[in-house]
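Next comes structure-v1.txt, a file with compact mmCIF, C-alpha atoms and all ligand atoms.
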# COMPACT_ATOMS: atom_id res chain seq x y z
CA MET P 1 95.48 72.28 156.06
CA LYS P 2 98.37 73.51 153.97
CA ASN P 3 100.76 71.48 151.90
CA GLY P 4 104.20 71.17 153.48
CA ILE P 5 107.26 72.88 152.06
CA ALA P 6 107.55 74.62 148.70
CA ILE P 7 110.52 76.32 147.15
CA CYS P 8 110.42 79.44 144.99
CA PRO P 9 113.65 79.49 142.99
CA GLY P 10 114.99 82.21 140.75
CA SER P 11 117.78 84.62 139.97
CA PHE P 12 115.94 87.55 141.63
CA ASP P 13 118.43 90.05 140.23
CA PRO P 14 116.71 92.02 141.73
CA VAL P 15 113.42 90.77 143.22
CA THR P 16 110.38 92.59 141.77
CA TYR P 17 106.70 92.99 142.63
CA GLY P 18 106.11 90.15 140.14
CA HIS P 19 108.24 87.73 142.18
CA LEU P 20 106.78 88.97 145.46
CA ASP P 21 103.25 88.36 144.22
CA ILE P 22 104.14 84.72 143.45
CA ILE P 23 105.98 84.30 146.80
CA SER P 24 103.07 85.64 148.85
CA ARG P 25 100.52 83.50 146.99
CA ALA P 26 102.73 80.43 147.55
CA ALA P 27 102.98 81.36 151.24
CA ASN P 28 99.15 81.19 151.41
CA MET P 29 99.16 77.66 150.04
CA PHE P 30 102.11 76.01 151.81
CA ASP P 31 103.19 75.68 155.45
CA LYS P 32 106.64 76.94 154.60
CA VAL P 33 108.08 78.60 151.51
CA ILE P 34 111.82 78.74 150.94
CA VAL P 35 112.82 81.40 148.45
CA VAL P 36 116.11 80.26 146.97
CA VAL P 37 118.48 82.46 145.03
CA ALA P 38 119.85 79.86 142.65
CA SER P 39 122.46 80.18 139.96
CA ASN P 40 121.42 80.53 136.34
CA LYS P 41 124.57 79.91 134.32
CA ASN P 42 123.01 81.70 131.33
CA LYS P 43 122.75 85.04 133.14
CA THR P 44 125.22 87.67 134.27
CA ASN P 45 123.96 89.13 137.51
CA SER P 46 124.31 92.66 138.88
CA PHE P 47 123.95 91.70 142.54
CA THR P 48 125.80 89.03 144.55
CA PRO P 49 123.75 86.09 145.88
CA LEU P 50 124.03 87.52 149.40
CA GLU P 51 122.79 90.95 148.28
CA ARG P 52 119.85 89.32 146.52
CA VAL P 53 119.03 87.28 149.63
CA GLU P 54 119.14 90.43 151.78
CA MET P 55 116.85 92.32 149.39
CA ILE P 56 114.30 89.50 149.35
CA LYS P 57 114.44 89.27 153.16
CA LYS P 58 113.67 92.99 153.44
CA CYS P 59 110.66 92.58 151.15
CA THR P 60 109.24 89.42 152.76
CA SER P 61 109.70 90.29 156.44
CA ALA P 62 105.91 90.44 156.91
CA LEU P 63 105.49 86.81 155.76
CA PRO P 64 106.27 84.58 158.78
CA ASN P 65 106.39 81.29 156.84
CA VAL P 66 108.89 82.52 154.23
CA GLU P 67 112.63 81.82 154.49
CA VAL P 68 115.29 83.04 152.08
CA GLU P 69 118.57 81.32 151.16
CA SER P 70 121.03 81.07 148.32
CA PHE P 71 122.22 77.81 146.79
CA ASP P 72 124.79 77.02 144.13
CA GLY P 73 123.93 73.60 142.75
CA LEU P 74 121.12 71.61 141.21
CA LEU P 75 117.67 72.70 142.22
CA ALA P 76 116.36 69.12 142.15
CA GLU P 77 118.95 68.14 144.78
CA TYR P 78 118.19 71.21 146.87
CA ALA P 79 114.47 70.33 146.80
CA ALA P 80 115.26 66.78 147.96
CA LYS P 81 117.51 68.03 150.76
CA LYS P 82 114.76 70.36 152.02
CA GLY P 83 111.98 67.77 151.69
CA ALA P 84 110.06 70.14 149.42
CA LYS P 85 106.88 68.91 147.77
CA ALA P 86 106.76 71.61 145.12
CA ILE P 87 108.80 74.05 143.09
CA ILE P 88 106.71 77.16 142.46
CA LYS P 89 107.30 79.30 139.38
CA GLY P 90 105.43 82.27 137.97
CA LEU P 91 104.42 82.21 134.31
CA ARG P 92 104.14 85.49 132.49
CA ALA P 93 103.62 85.57 128.73
CA MET P 94 103.78 82.56 126.43
CA SER P 95 107.46 83.37 125.87
CA ASP P 96 108.22 81.97 129.36
CA PHE P 97 106.51 78.70 128.64
CA GLU P 98 109.01 76.68 126.64
CA TYR P 99 111.93 77.46 128.94
CA GLU P 100 109.89 76.82 132.09
CA PHE P 101 108.44 73.60 130.66
CA GLN P 102 111.94 72.33 129.86
CA MET P 103 113.16 73.12 133.40
CA ALA P 104 110.10 71.48 134.97
CA LEU P 105 110.59 68.27 132.98
CA THR P 106 114.32 68.19 133.74
CA ASN P 107 113.73 68.70 137.46
CA LYS P 108 111.09 65.94 137.43
CA LYS P 109 113.60 63.57 135.84
CA LEU P 110 116.25 64.46 138.42
CA ASN P 111 113.85 64.34 141.37
CA PRO P 112 110.52 62.54 140.68
CA GLU P 113 109.33 63.37 144.21
CA VAL P 114 108.94 67.08 143.53
CA GLU P 115 106.22 68.71 141.41
CA THR P 116 106.67 72.00 139.60
CA LEU P 117 103.58 74.20 139.95
CA PHE P 118 103.03 77.29 137.82
CA LEU P 119 101.13 80.29 139.09
CA THR P 120 99.81 82.75 136.54
CA THR P 121 101.37 86.14 137.01
CA SER P 122 98.93 88.88 137.97
CA ALA P 123 97.94 90.97 134.95
CA GLU P 124 99.78 94.08 136.15
CA ASN P 125 103.06 92.15 136.33
CA MET P 126 102.72 90.44 132.97
CA TYR P 127 105.58 92.31 131.35
CA LEU P 128 107.67 93.02 134.42
CA SER P 129 111.20 91.60 134.57
CA SER P 130 114.35 92.20 136.61
CA SER P 131 116.28 93.19 133.49
CA MET P 132 113.64 95.79 132.62
CA VAL P 133 113.93 97.24 136.14
CA LYS P 134 117.71 97.51 135.76
CA GLN P 135 117.41 99.21 132.38
CA ILE P 136 114.93 101.76 133.68
CA ALA P 137 117.09 102.45 136.77
CA ALA P 138 120.17 102.88 134.56
CA MET P 139 118.37 105.57 132.57
CA GLY P 140 117.15 107.44 135.63
CA GLY P 141 113.55 106.28 135.24
CA ASP P 142 111.01 105.72 138.00
CA ILE P 143 111.05 102.10 139.26
CA SER P 144 108.49 102.65 142.01
CA SER P 145 105.81 100.58 140.22
CA PHE P 146 108.16 97.62 139.92
CA VAL P 147 110.06 97.17 143.21
CA PRO P 148 109.22 97.89 146.88
CA GLU P 149 110.52 101.01 148.56
CA GLU P 150 112.75 99.00 150.94
CA ILE P 151 115.13 98.07 148.12
CA ARG P 152 114.62 100.87 145.58
CA GLN P 153 117.63 102.95 146.59
CA ASP P 154 119.90 99.87 146.80
CA ILE P 155 119.06 99.11 143.19
CA ILE P 156 119.53 102.67 141.95
CA ASP P 157 122.87 103.00 143.78
CA ARG P 158 124.21 99.72 142.42
CA ILE P 159 123.12 100.26 138.83
CA ASN P 160 124.56 103.78 138.77
CA SER P 161 127.86 102.77 140.37
CA LYS P 162 128.75 100.70 137.28
O1 LIG P 201 114.87 83.55 137.53
P1 LIG P 201 115.48 82.55 136.58
O2 LIG P 201 116.87 82.98 136.13
O3 LIG P 201 114.59 82.22 135.42
O4 LIG P 201 115.64 81.19 137.43
C1 LIG P 201 116.24 80.05 136.85
C2 LIG P 201 116.77 79.14 137.96
C3 LIG P 201 117.80 79.86 138.80
C4 LIG P 201 115.61 78.68 138.83
C5 LIG P 201 117.41 77.90 137.24
O5 LIG P 201 118.45 78.32 136.39
C6 LIG P 201 117.90 76.85 138.22
O6 LIG P 201 117.13 76.05 138.68
N1 LIG P 201 119.21 76.90 138.55
C7 LIG P 201 119.83 75.95 139.47
C8 LIG P 201 120.68 74.94 138.69
C9 LIG P 201 119.82 73.85 138.09
O7 LIG P 201 119.20 73.08 138.80
N2 LIG P 201 119.76 73.82 136.77
C10 LIG P 201 118.95 72.88 136.04
C11 LIG P 201 117.52 73.37 135.97
S1 LIG P 201 116.67 72.46 134.80
Could I get this file's structure written as structure tokens?
Amino acid sequence: MKNGIAICPGSFDPVTYGHLDIISRAANMFDKVIVVVASNKNKTNSFTPLERVEMIKKCTSALPNVEVESFDGLLAEYAAKKGAKAIIKGLRAMSDFEYEFQMALTNKKLNPEVETLFLTTSAENMYLSSSMVKQIAAMGGDISSFVPEEIRQDIIDRINSK
């Protein structure tokens, strides 16, 4: 028996192997996982929400119980609308903790029905971030260890068109 619906929210600008590891592990635990490209007002993104959705779809096509959407609003309300039981987040180093803890407590206040669950990032993805991928791509570096082949060229083209 699995556990109903979970949502995996994030900026995903762009999605990396770190995110995909968390998404696939969540997909093993829940009947359905909705990956939601949500808006983080503290970040300036390189890709539009639709582009980010399309990239995640390309990378998760082998996971039948994963859906991908974008949403511009409060995550707690989105979770309620979808009947989600859990919000799944990956935790990397300690530096993630305070920010993630604050978001989890805020979401719990806004929607007491939904639990935030943290999955520990796999060791190889501990220091991987979307902004690092963009920096490496901008300097002509090799991003093959960080993002799947399906979206590699999209990222390189976009970063170098700026
Ligand atoms: O990948 P990120 O940028 O760390 O993800 C943060 C995100 C997008 C999940 C967060 O900013 C969010 O939930 N945005 C939706 C708006 C919202 O609900 N804000 C209050 C969260 S406490």
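The smallest atom-to-atom distance between ligand LIG 201 (chain P) and any of P:Lys57, P:Arg152, P:Arg92, P:Arg25, using all atoms listed in the file, is found for P:Arg92.
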Exercise. Go through P:Thr16, P:Ser131, P:Gln102, P:Ser61 one by one, measure the shortest atom-to-atom distance of each to ligand LIG 201 (chain P) using only C-alpha atoms and all ligand atoms, and give the residue with the smallest value.
Key: P:Gln102
Under the rule of at most 6 Å, produce a per-residue listing of chain P near ligand LIG 201 (chain P): chain, number, name, the closest pair of atoms, and the distance in Å, as JSON lines, using only C-alpha atoms and all ligand atoms.
{"residue": "P:Pro9", "atom": "CA", "partner": "P:LIG201", "partner_atom": "C4", "distance": 4.7}
{"residue": "P:Gly10", "atom": "CA", "partner": "P:LIG201", "partner_atom": "O1", "distance": 3.5}
{"residue": "P:Ser11", "atom": "CA", "partner": "P:LIG201", "partner_atom": "O1", "distance": 3.9}
{"residue": "P:Phe12", "atom": "CA", "partner": "P:LIG201", "partner_atom": "O1", "distance": 5.8}
{"residue": "P:Ala38", "atom": "CA", "partner": "P:LIG201", "partner_atom": "C3", "distance": 4.4}
{"residue": "P:Ser39", "atom": "CA", "partner": "P:LIG201", "partner_atom": "C3", "distance": 4.8}
{"residue": "P:Asn40", "atom": "CA", "partner": "P:LIG201", "partner_atom": "O5", "distance": 3.7}
{"residue": "P:Gly73", "atom": "CA", "partner": "P:LIG201", "partner_atom": "C8", "distance": 5.4}
{"residue": "P:Leu74", "atom": "CA", "partner": "P:LIG201", "partner_atom": "O7", "distance": 3.4}
{"residue": "P:Leu75", "atom": "CA", "partner": "P:LIG201", "partner_atom": "O7", "distance": 3.8}
{"residue": "P:Ala76", "atom": "CA", "partner": "P:LIG201", "partner_atom": "O7", "distance": 5.9}
{"residue": "P:Met103", "atom": "CA", "partner": "P:LIG201", "partner_atom": "S1", "distance": 3.8}
{"residue": "P:Thr106", "atom": "CA", "partner": "P:LIG201", "partner_atom": "S1", "distance": 5.0}
{"residue": "P:Asn107", "atom": "CA", "partner": "P:LIG201", "partner_atom": "S1", "distance": 5.5}
Let me know the centre plus edge lengths, in Å and rounded to one decimal, of a box with edges along x, y and z that contains all listed atoms of region 18-30 of chain P and is padded by 5 Å on every side, as lines of an AutoDock Vina configuration file.
center_x = 103.7
center_y = 83.1
center_z = 146.0
size_x = 19.1
size_y = 24.1
size_z = 21.7
Quiz item: Using all atoms listed in the file, which of the listed residues (P:Ile159, P:Ala6, P:Leu20, P:Val147) sits closest to Ala84 (chain P)?
Solution: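 That would be P:Ala6, the residue with the smallest distance to Ala84 (chain P).
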Quiz prompt | From P:Met55, P:Ile136, P:Ala93, P:Leu110, residue lying nearest Val37 (chain P) [only C-alpha atoms] | solution =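 Residue with the minimum atom-to-atom distance to Val37 (chain P): P:Met55.
When only C-alpha atoms are used to compute distances to Tyr78 (chain P), the closest of the residues P:Ala137, P:Ile7, P:Leu63, P:Thr44 turns out to be P:Ile7.
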Self-check item: d(CA of Phe47 (chain P), CA of Ala80 (chain P)) in Å
Solution: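 Taking CA of Phe47 (chain P) as the start and CA of Ala80 (chain P) as the end point, the length is 26.9 Å.
A straight line drawn from CA of Tyr99 (chain P) to CA of Lys41 (chain P) is 14.0 Å long.
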Quiz item: Restricting the calculation to all atoms listed in the file, which member of P:Lys108, P:Thr116, P:Tyr17, P:Lys2 is positioned closest to Ser144 (chain P)?
Solution: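 Nearest to Ser144 (chain P): P:Tyr17.
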What's around Gly4 (chain P) at 8 Å? Count all atoms listed in the file, leave out sequence neighbours fewer than 4 positions away in its own chain, and write the answer as a short mmCIF file (atom, residue, chain, number, x, y, z; two decimals) with C-alpha atoms, in the frame of the given file.
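The resulting file, part31.cif, is reproduced below:
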data_model
loop_
_atom_site.label_atom_id
_atom_site.label_comp_id
_atom_site.auth_asym_id
_atom_site.auth_seq_id
_atom_site.Cartn_x
_atom_site.Cartn_y
_atom_site.Cartn_z
CA PHE P 30 102.11 76.01 151.81
CA ASP P 31 103.19 75.68 155.45
CA LYS P 32 106.64 76.94 154.60
CA ALA P 84 110.06 70.14 149.42
CA LYS P 85 106.88 68.91 147.77
#
Exercise. Give me, please, the distance in Å between CA of Glu77 (chain P) and CA of Arg52 (chain P), quoted to one decimal.
Key: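 Straight-line distance from CA of Glu77 (chain P) to CA of Arg52 (chain P) works out to 21.3 Å.
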Please reconstruct the missing atoms of region 94-109 of chain P (target: N, CA, C and O atoms) and return them as a JSON list (two decimals), keeping the file's coordinate frame.
[["chain", "number", "residue", "atom", "x", "y", "z"],
["P", 94, "MET", "N", 103.47, 83.85, 127.06],
["P", 94, "MET", "CA", 103.78, 82.56, 126.43],
["P", 94, "MET", "C", 105.29, 82.37, 126.26],
["P", 94, "MET", "O", 105.78, 81.24, 126.27],
["P", 95, "SER", "N", 106.01, 83.46, 126.11],
["P", 95, "SER", "CA", 107.46, 83.37, 125.87],
["P", 95, "SER", "C", 108.18, 82.67, 127.03],
["P", 95, "SER", "O", 109.25, 82.12, 126.86],
["P", 96, "ASP", "N", 107.61, 82.68, 128.21],
["P", 96, "ASP", "CA", 108.22, 81.97, 129.36],
["P", 96, "ASP", "C", 108.05, 80.46, 129.23],
["P", 96, "ASP", "O", 108.76, 79.69, 129.85],
["P", 97, "PHE", "N", 107.01, 80.06, 128.49],
["P", 97, "PHE", "CA", 106.51, 78.70, 128.64],
["P", 97, "PHE", "C", 107.52, 77.62, 128.28],
["P", 97, "PHE", "O", 107.74, 76.68, 129.05],
["P", 98, "GLU", "N", 108.15, 77.76, 127.11],
["P", 98, "GLU", "CA", 109.01, 76.68, 126.64],
["P", 98, "GLU", "C", 110.18, 76.43, 127.61],
["P", 98, "GLU", "O", 110.49, 75.30, 127.97],
["P", 99, "TYR", "N", 110.79, 77.54, 128.02],
["P", 99, "TYR", "CA", 111.93, 77.46, 128.94],
["P", 99, "TYR", "C", 111.50, 76.86, 130.29],
["P", 99, "TYR", "O", 112.15, 75.96, 130.84],
["P", 100, "GLU", "N", 110.37, 77.31, 130.80],
["P", 100, "GLU", "CA", 109.89, 76.82, 132.09],
["P", 100, "GLU", "C", 109.49, 75.34, 132.00],
["P", 100, "GLU", "O", 109.73, 74.56, 132.93],
["P", 101, "PHE", "N", 108.88, 74.97, 130.88],
["P", 101, "PHE", "CA", 108.44, 73.60, 130.66],
["P", 101, "PHE", "C", 109.66, 72.67, 130.65],
["P", 101, "PHE", "O", 109.67, 71.61, 131.28],
["P", 102, "GLN", "N", 110.70, 73.11, 129.95],
["P", 102, "GLN", "CA", 111.94, 72.33, 129.86],
["P", 102, "GLN", "C", 112.56, 72.15, 131.26],
["P", 102, "GLN", "O", 112.97, 71.05, 131.63],
["P", 103, "MET", "N", 112.58, 73.23, 132.04],
["P", 103, "MET", "CA", 113.16, 73.12, 133.40],
["P", 103, "MET", "C", 112.31, 72.20, 134.27],
["P", 103, "MET", "O", 112.85, 71.38, 135.02],
["P", 104, "ALA", "N", 110.99, 72.31, 134.15],
["P", 104, "ALA", "CA", 110.10, 71.48, 134.97],
["P", 104, "ALA", "C", 110.31, 70.00, 134.66],
["P", 104, "ALA", "O", 110.41, 69.17, 135.57],
["P", 105, "LEU", "N", 110.41, 69.67, 133.37],
["P", 105, "LEU", "CA", 110.59, 68.27, 132.98],
["P", 105, "LEU", "C", 111.96, 67.75, 133.42],
["P", 105, "LEU", "O", 112.09, 66.61, 133.87],
["P", 106, "THR", "N", 112.97, 68.60, 133.32],
["P", 106, "THR", "CA", 114.32, 68.19, 133.74],
["P", 106, "THR", "C", 114.35, 67.96, 135.25],
["P", 106, "THR", "O", 114.89, 66.95, 135.73],
["P", 107, "ASN", "N", 113.75, 68.86, 135.99],
["P", 107, "ASN", "CA", 113.73, 68.70, 137.46],
["P", 107, "ASN", "C", 112.95, 67.44, 137.86],
["P", 107, "ASN", "O", 113.31, 66.76, 138.82],
["P", 108, "LYS", "N", 111.89, 67.14, 137.12],
["P", 108, "LYS", "CA", 111.09, 65.94, 137.43],
["P", 108, "LYS", "C", 111.91, 64.67, 137.18],
["P", 108, "LYS", "O", 111.81, 63.70, 137.92],
["P", 109, "LYS", "N", 112.72, 64.71, 136.12],
["P", 109, "LYS", "CA", 113.60, 63.57, 135.84],
["P", 109, "LYS", "C", 114.64, 63.39, 136.96],
["P", 109, "LYS", "O", 114.92, 62.28, 137.40]]
